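Peer 1: File input-v4.txt below, compact mmCIF, C-alpha atoms and all ligand atoms:
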```txt
# COMPACT_ATOMS: atom_id res chain seq x y z
CA MET A 272 -17.71 17.56 -5.38
CA SER A 273 -19.57 17.04 -2.08
CA TYR A 274 -18.18 14.58 0.48
CA ALA A 275 -20.32 11.45 -0.08
CA ASN A 276 -20.45 11.84 -3.83
CA SER A 277 -17.10 10.41 -4.81
CA ARG A 278 -16.92 8.45 -8.05
CA ILE A 279 -15.55 5.06 -8.98
CA PRO A 280 -12.54 5.62 -11.28
CA MET A 281 -13.79 6.27 -14.81
CA SER A 282 -11.84 4.18 -17.23
CA ALA A 283 -12.09 2.94 -20.78
CA GLN A 284 -10.44 -0.17 -19.32
CA GLN A 285 -13.11 -2.58 -18.07
CA ALA A 286 -11.00 -5.70 -17.47
CA VAL A 287 -7.46 -6.78 -16.68
CA HIS A 288 -5.04 -5.01 -19.04
CA GLU A 289 -3.98 -7.22 -21.95
CA ARG A 290 -0.32 -6.26 -21.46
CA LEU A 291 -0.17 -7.03 -17.75
CA THR A 292 1.28 -10.55 -18.01
CA ASP A 293 4.07 -9.45 -20.36
CA LEU A 294 4.90 -6.46 -18.21
CA VAL A 295 5.12 -8.53 -15.00
CA THR A 296 7.26 -11.13 -16.82
CA ARG A 297 9.65 -8.38 -17.90
CA HIS A 298 9.84 -6.94 -14.39
CA VAL A 299 10.49 -10.37 -12.86
CA ASN A 300 13.25 -11.14 -15.35
CA GLU A 301 15.01 -7.80 -15.65
CA PRO A 302 16.85 -6.25 -12.69
CA PHE A 303 15.43 -2.93 -11.51
CA ARG A 304 18.47 -0.66 -11.51
CA LYS A 305 17.10 2.72 -10.44
CA PRO A 306 19.53 4.04 -7.79
CA ILE A 307 18.14 4.45 -4.27
CA ASN A 308 17.87 8.10 -3.22
CA GLU A 309 19.76 9.06 -0.08
CA TYR A 310 16.67 10.61 1.50
CA ASN A 311 14.90 7.26 1.29
CA ARG A 312 17.85 5.52 3.01
CA VAL A 313 17.65 8.09 5.80
CA ALA A 314 13.86 7.59 6.02
CA PHE A 315 14.30 3.81 6.14
CA GLU A 316 16.72 4.10 9.07
CA ALA A 317 14.41 6.60 10.78
CA SER A 318 11.47 4.20 10.44
CA LEU A 319 13.37 1.58 12.46
CA ALA A 320 15.02 3.86 15.02
CA GLY A 321 12.27 3.37 17.63
CA TRP A 322 11.82 -0.35 16.94
CA ASP A 323 13.04 -2.82 19.59
CA ARG A 324 14.12 -5.24 16.81
CA ALA A 325 11.80 -7.87 18.27
CA ALA A 326 8.24 -6.66 17.62
CA PRO A 327 6.71 -7.96 14.37
CA LEU A 328 6.59 -5.30 11.66
CA ILE A 329 3.55 -3.84 9.93
CA LEU A 330 3.93 -1.58 6.89
CA ASP A 331 1.14 0.80 5.91
CA ALA A 332 2.35 1.62 2.40
CA GLY A 333 0.95 4.90 1.07
CA CYS A 334 -0.65 5.72 4.42
CA GLY A 335 -1.79 9.21 3.38
CA VAL A 336 -2.85 11.16 6.47
CA GLY A 337 -2.03 8.10 8.60
CA HIS A 338 -5.39 7.27 10.20
CA SER A 339 -4.95 3.63 9.19
CA THR A 340 -1.46 3.54 10.72
CA ILE A 341 -2.92 4.74 14.02
CA GLN A 342 -5.76 2.21 13.88
CA LEU A 343 -3.33 -0.61 13.07
CA ALA A 344 -1.02 0.41 15.92
CA ARG A 345 -4.01 0.29 18.28
CA ALA A 346 -5.18 -3.06 16.92
CA PHE A 347 -1.69 -4.62 17.11
CA PRO A 348 -0.11 -3.09 20.22
CA ASP A 349 2.74 -5.62 20.25
CA HIS A 350 3.77 -4.77 16.65
CA TRP A 351 5.87 -1.91 15.27
CA VAL A 352 3.76 -0.10 12.67
CA ILE A 353 5.38 2.03 9.96
CA GLY A 354 3.31 4.47 7.92
CA VAL A 355 5.07 5.53 4.72
CA ASP A 356 3.90 8.21 2.34
CA GLN A 357 5.66 10.45 -0.15
CA SER A 358 3.57 13.46 0.85
CA GLN A 359 4.81 15.36 3.88
CA ASP A 360 1.69 17.48 3.63
CA ARG A 361 -0.56 14.45 4.14
CA LEU A 362 1.64 12.98 6.87
CA SER A 363 1.59 16.27 8.76
CA ARG A 364 -2.20 16.71 8.77
CA ARG A 365 -3.80 16.83 12.16
CA LYS A 366 -4.56 13.38 13.58
CA PRO A 367 -7.93 12.33 15.00
CA TYR A 368 -6.41 12.10 18.51
CA PRO A 369 -4.39 14.50 20.63
CA GLU A 370 -0.64 13.87 20.38
CA ALA A 371 -0.53 12.47 23.92
CA LEU A 372 -3.07 9.75 23.05
CA LEU A 373 -1.33 8.53 19.90
CA PRO A 374 0.05 4.98 20.11
CA THR A 375 3.79 4.80 20.72
CA ASN A 376 4.33 1.62 18.67
CA MET A 377 4.23 3.46 15.34
CA VAL A 378 6.18 5.88 13.23
CA PHE A 379 5.48 7.98 10.13
CA VAL A 380 8.14 8.53 7.52
CA ARG A 381 8.17 10.42 4.28
CA ALA A 382 9.67 8.19 1.62
CA ASP A 383 9.17 6.98 -1.92
CA LEU A 384 7.90 3.41 -1.73
CA VAL A 385 9.79 2.56 -4.92
CA ASP A 386 12.97 2.84 -2.84
CA TYR A 387 11.54 2.01 0.59
CA TRP A 388 10.26 -1.42 -0.49
CA ARG A 389 13.64 -2.27 -2.03
CA LEU A 390 15.43 -1.17 1.13
CA VAL A 391 13.24 -3.45 3.27
CA SER A 392 13.89 -6.30 0.87
CA ALA A 393 17.66 -5.74 0.85
CA SER A 394 17.79 -5.47 4.66
CA GLY A 395 16.49 -9.02 5.04
CA LEU A 396 13.70 -7.80 7.32
CA ARG A 397 10.31 -9.42 6.82
CA LEU A 398 6.88 -8.00 7.52
CA ALA A 399 4.13 -9.59 9.58
CA ARG A 400 1.48 -7.51 7.79
CA HIS A 401 1.59 -5.25 4.77
CA TYR A 402 -1.24 -2.90 3.79
CA ILE A 403 -1.58 -1.09 0.48
CA LEU A 404 -4.82 0.79 0.99
CA TYR A 405 -6.49 2.64 -1.85
CA PRO A 406 -3.38 3.22 -3.98
CA ASN A 407 -3.71 5.78 -6.76
CA PRO A 408 -5.62 3.82 -9.43
CA TRP A 409 -4.08 5.41 -12.53
CA PRO A 410 -7.20 4.36 -14.50
CA LYS A 411 -6.12 5.46 -17.98
CA ILE A 412 -5.27 2.49 -20.20
CA GLY A 413 -1.86 3.98 -20.95
CA HIS A 414 -1.06 4.25 -17.24
CA LEU A 415 -0.72 0.53 -16.51
CA ALA A 416 2.97 0.92 -15.63
CA ARG A 417 2.11 3.49 -12.94
CA ARG A 418 -0.12 1.04 -11.04
CA TRP A 419 1.91 -0.84 -8.43
CA HIS A 420 1.45 -4.24 -10.14
CA GLY A 421 2.65 -2.74 -13.45
CA HIS A 422 5.66 -1.01 -11.91
CA PRO A 423 9.20 -2.48 -11.97
CA VAL A 424 9.19 -2.48 -8.14
CA PHE A 425 6.30 -4.96 -8.02
CA PRO A 426 8.37 -8.19 -7.72
CA PHE A 427 9.87 -6.83 -4.48
CA ILE A 428 6.46 -6.60 -2.77
CA PRO A 429 5.79 -10.35 -2.36
CA LYS A 430 9.38 -10.86 -1.14
CA LEU A 431 8.58 -8.85 2.00
CA GLY A 432 6.43 -11.65 3.39
CA GLY A 433 3.58 -11.59 5.88
CA VAL A 434 -0.09 -11.06 5.18
CA LEU A 435 -0.43 -8.67 2.26
CA GLU A 436 -3.69 -6.75 1.86
CA CYS A 437 -4.56 -4.34 -0.95
CA ARG A 438 -7.87 -2.44 -1.12
CA SER A 439 -9.45 -0.31 -3.84
CA ASN A 440 -12.80 0.96 -5.04
CA TRP A 441 -11.82 -0.04 -8.60
CA SER A 442 -12.36 -3.76 -9.11
CA VAL A 443 -10.03 -3.80 -12.13
CA TYR A 444 -7.14 -2.62 -9.94
CA ILE A 445 -7.61 -5.48 -7.48
CA ALA A 446 -8.20 -8.03 -10.26
CA GLU A 447 -4.94 -6.94 -11.88
CA PHE A 448 -3.00 -6.88 -8.60
CA ALA A 449 -4.25 -10.40 -7.83
CA GLN A 450 -3.34 -11.68 -11.29
CA ALA A 451 0.15 -10.16 -11.09
CA LEU A 452 0.65 -11.66 -7.65
CA GLU A 453 -0.54 -15.06 -8.87
CA GLN A 454 1.97 -14.84 -11.69
CA VAL A 455 4.85 -14.13 -9.30
CA LEU A 456 3.78 -16.65 -6.63
CA GLY A 457 2.56 -19.40 -8.95
CA ARG A 458 -0.58 -19.93 -6.91
CA GLU A 459 -4.11 -18.55 -6.61
CA VAL A 460 -4.78 -15.32 -4.74
CA SER A 461 -8.27 -14.64 -3.47
CA TRP A 462 -10.01 -11.30 -3.77
CA GLY A 463 -13.52 -9.90 -3.70
CA ALA A 464 -15.93 -7.26 -2.47
CA PHE A 465 -16.16 -6.51 1.23
CA GLU A 466 -18.07 -4.27 3.65
CA ALA A 467 -16.26 -1.71 5.80
CA PRO A 468 -18.40 -1.06 8.88
CA SER A 469 -15.41 0.66 10.53
CA PRO A 470 -13.39 2.24 7.73
CA LEU A 471 -9.64 2.03 8.12
CA THR A 472 -8.83 5.10 6.05
CA PRO A 473 -10.41 8.40 4.98
CA PHE A 474 -10.62 7.16 1.38
CA GLU A 475 -12.37 4.01 2.52
CA ARG A 476 -14.87 6.07 4.53
CA LYS A 477 -15.53 8.42 1.61
CA TYR A 478 -16.07 5.60 -0.89
CA ARG A 479 -18.27 3.66 1.52
CA ASP A 480 -20.35 6.72 2.32
CA SER A 481 -20.77 7.29 -1.43
CA GLY A 482 -22.36 3.84 -1.69
CA GLN A 483 -19.50 2.30 -3.65
CA THR A 484 -18.46 -1.33 -3.59
CA LEU A 485 -15.05 -1.87 -2.00
CA TYR A 486 -12.65 -4.61 -3.09
CA ARG A 487 -9.70 -6.23 -1.42
CA LEU A 488 -7.23 -9.04 -1.83
CA THR A 489 -5.30 -10.77 0.89
CA ALA A 490 -2.42 -13.13 0.45
CA GLU A 491 -0.29 -14.99 2.96
CA LEU A 492 3.28 -14.77 1.75
CA GLU A 493 6.10 -17.06 2.78
C1 LIG A 501 -5.32 7.61 -2.82
S1 LIG A 501 -4.21 7.97 -1.52
C2 LIG A 501 -4.68 6.81 -0.27
C3 LIG A 501 -4.18 7.19 1.08
C4 LIG A 501 -4.60 6.27 2.24
N1 LIG A 501 -4.05 4.94 2.10
C5 LIG A 501 -6.09 6.21 2.36
O1 LIG A 501 -6.68 5.19 1.99
O2 LIG A 501 -6.68 7.19 2.85
C6 LIG A 501 -2.69 7.26 -2.13
C7 LIG A 501 -1.48 7.66 -1.31
O3 LIG A 501 -0.32 7.02 -1.83
C8 LIG A 501 0.76 7.93 -1.73
N2 LIG A 501 1.78 7.54 -2.70
C9 LIG A 501 1.63 7.46 -4.05
N3 LIG A 501 2.79 7.09 -4.63
C10 LIG A 501 3.69 6.93 -3.62
C11 LIG A 501 5.06 6.59 -3.59
N4 LIG A 501 5.75 6.32 -4.70
N5 LIG A 501 5.67 6.51 -2.39
C12 LIG A 501 4.99 6.81 -1.23
N6 LIG A 501 3.69 7.16 -1.22
C13 LIG A 501 3.04 7.22 -2.40
C14 LIG A 501 0.14 9.29 -2.01
O4 LIG A 501 0.93 10.36 -1.50
C15 LIG A 501 -1.20 9.16 -1.29
O5 LIG A 501 -1.15 9.62 0.03
```
Please, can you express the file's structure as C-alpha cells?
Peer 2:
Amino acid sequence: MSYANSRIPMSAQQAVHERLTDLVTRHVNEPFRKPINEYNRVAFEASLAGWDRAAPLILDAGCGVGHSTIQLARAFPDHWVIGVDQSQDRLSRRKPYPEALLPTNMVFVRADLVDYWRLVSASGLRLARHYILYPNPWPKIGHLARRWHGHPVFPFIPKLGGVLECRSNWSVYIAEFAQALEQVLGREVSWGAFEAPSPLTPFERKYRDSGQTLYRLTAELE
C-alpha cells in the first residue's frame, strides 16, 4: 500500500455495538483482578524517576514511535510528559530531532497500558492531560472487548482525571468511546470530526494525507 492510500477500517459494524452498554456495566460492577506484571511496576517507577513531583502530568497512551510525546513536551514545557507503548521497537525508532534537541520534560517507557493505567490510578496521581491517539481499532464485530472502551480496564481511564482526548479515523470507535464514557460519568461527552493542519502523530498524518475524516472526543474529568 502506498503512503497516502491508507484505508478507513473496514467493518461489518456500522454503528455503536449493541453489546457495549452491557459490557461497560459489567466492567464497572465487577473488579478487574488481573495481577499487575512486575515489568509494568518497574516501568511505572521509571516513568516518574525524572519527574520533580510538581509539574502537571501528561500521558500519551499508546504513543507508538513517540512523535506526539515530543510535540506535547514542546507544547507544554512546564509539564512532565510520559509516552507509553508496549512496543520497544516503535519506541526505539529514530526521532525527528537529534537526541540533543529532544525536550527534557518527557520520558518513554515500554509498558502494557492495562497495568500502567491501573498503577497510575492506585498511586493516587492525577493527570492534567491524557491522550489516546489512534488506538488499534479492532474493527471486527467480535473484537469489541479488545477496544479500550470494551476492555475491563476502561473504568480506570476516567478516574485518572484531566482533559482526556481520544482520536481515530473510525467514527464508530469514537462514538463508542464517547458512549462508554457517558455511561461511566453520567453526563454528555462531545465528539466530532476535526481537521489536523499540523498532525500530532504519524498515523494522523497518514490518514489526513489519504483524505480521510478524523474524529476526536475530549472530556474534562474531575
Ligand atoms: C495504531 S498505533 C498508534 C500509535 C500512535 N499513537 C500514532 O498515532 O501514531 C497503536 C499503538 O498502541 C500500542 N498499544 C496497543 N496496545 C497497547 C497496550 N496494551 N499497552 C501499550 N501500548 C499498546 C501499539 O503498540 C501501537 O504503537
Peer 1: Can you work out the spacing between CA of Asn376 (chain A) and atom N3 of ligand LIG 501 (chain A) in Å, to one decimal?
Peer 2: 24.0 Å
Peer 1: When you draw a straight line from CA of Tyr310 (chain A) to CA of Ala382 (chain A), how long is it in Å?
Peer 2: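 Between CA of Tyr310 (chain A) and CA of Ala382 (chain A) the gap is 7.4 Å.
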Peer 1: By how many Å are CA of His420 (chain A) and CA of Asp480 (chain A) apart?
Peer 2: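 Between CA of His420 (chain A) and CA of Asp480 (chain A) the gap works out to 27.4 Å.
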Peer 1: Which residues are near ligand LIG 501 (chain A) - at most 10 Å, using all atoms listed in the file? Format: as a PyMOL selection string.
Peer 2: chain A and resi 311+331-340+354-362+380-388+402-408+417-419+437-439+470-478
Peer 1: Which is closer to Leu415 (chain A) than all the others in A:Ile329, A:Leu390, A:Leu452, A:Val443, using all atoms listed in the file?
Peer 2: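 Of the candidates, the smallest distance to Leu415 (chain A) is held by A:Val443.
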Peer 1: Kindly extract all protein, DNA and RNA residues lying within 7 Å of the coordinates (5.6, -1.0, 20.2) given in the file, considering only C-alpha atoms, and supply them as a PDB file with C-alpha atoms, in the frame of the given file.
Peer 2:
```pdb
ATOM      1  CA  ALA A 326       8.240  -6.660  17.620  1.00  0.00           C
ATOM      2  CA  PRO A 348      -0.110  -3.090  20.220  1.00  0.00           C
ATOM      3  CA  ASP A 349       2.740  -5.620  20.250  1.00  0.00           C
ATOM      4  CA  HIS A 350       3.770  -4.770  16.650  1.00  0.00           C
ATOM      5  CA  TRP A 351       5.870  -1.910  15.270  1.00  0.00           C
ATOM      6  CA  THR A 375       3.790   4.800  20.720  1.00  0.00           C
ATOM      7  CA  ASN A 376       4.330   1.620  18.670  1.00  0.00           C
ATOM      8  CA  MET A 377       4.230   3.460  15.340  1.00  0.00           C
TER       9      MET A 377
END
```
Peer 1: For Leu456 (chain A), list every protein, DNA or RNA residue within 10 Å, evaluated using all atoms listed in the file, and leave out those in the same chain fewer than 2 positions away; present the list as a PyMOL selection string.
Peer 2: chain A and resi 426+429-430+450-454+458-460+492-493
Peer 1: Which residue is closest to Ile341 (chain A)? Choose from A:Val378, A:Leu319, A:Ala416, A:Val391 and count only C-alpha atoms.
Peer 2: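 Using only C-alpha atoms, the shortest distance to Ile341 (chain A) belongs to A:Val378.
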Peer 1: Considering all atoms listed in the file, can you say which of A:Leu398, A:Ala314, A:Leu485, A:Ala320 comes closest to Gly432 (chain A)?
Peer 2: A:Leu398
Peer 1: Quick one: everything within 10 Å of Ala286 (chain A), counting only C-alpha atoms, minus sequence neighbours fewer than 6 positions away in the same chain. Send it as an MDAnalysis selection string.
Peer 2: chainID A and resid 442:444 446:447
Peer 1: Write out as a PyMOL selection string the residues lying within 9 Å of Leu294 (chain A), counting all atoms listed in the file and excluding same-chain residues fewer than 5 positions away.
Peer 2: chain A and resi 299+416+421-423
Peer 1: Output C-alpha atoms of each residue in that selection to a file, as a short mmCIF file (atom, residue, chain, number, x, y, z; two decimals), keeping the file's coordinate frame.
Peer 2:
```cif
data_model
loop_
_atom_site.label_atom_id
_atom_site.label_comp_id
_atom_site.auth_asym_id
_atom_site.auth_seq_id
_atom_site.Cartn_x
_atom_site.Cartn_y
_atom_site.Cartn_z
CA VAL A 299 10.49 -10.37 -12.86
CA ALA A 416 2.97 0.92 -15.63
CA GLY A 421 2.65 -2.74 -13.45
CA HIS A 422 5.66 -1.01 -11.91
CA PRO A 423 9.20 -2.48 -11.97
#
```
Peer 1: As AutoDock Vina command-line options, what would the box around region 414-422 of chain A look like: edges along x, y and z, 4 Å added on every side, centre and edge lengths in Å to one decimal?
Peer 2:
```
--center_x 2.3 --center_y 0.0 --center_z -12.8 --size_x 14.7 --size_y 16.5 --size_z 16.8
```
Peer 1: Taking only C-alpha atoms into account, which of A:Ile279, A:Val352, A:Ile307, A:Leu488 comes nearest Leu328 (chain A)?
Peer 2: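 Closest to Leu328 (chain A) of all the choices is A:Val352.
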Peer 1: Closest to Glu316 (chain A) among A:His298, A:Ser481, A:Ala399, A:Ser394, using only C-alpha atoms?
Peer 2: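 Closest residue, counting only C-alpha atoms: A:Ser394.
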Peer 1: What lies within 10 Å of Lys411 (chain A) using all atoms listed in the file, ignoring chain neighbours under 5 positions off, as a VMD selection string?
Peer 2: chain A and resid 280 to 284 417
Peer 1: Which residue out of A:Gly413, A:Pro374, A:Gly433, A:Pro302 has the minimum interatomic distance to Pro327 (chain A) when only C-alpha atoms are used?
Peer 2: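 Ranking A:Gly413, A:Pro374, A:Gly433, A:Pro302 by distance to Pro327 (chain A), first place goes to A:Gly433.
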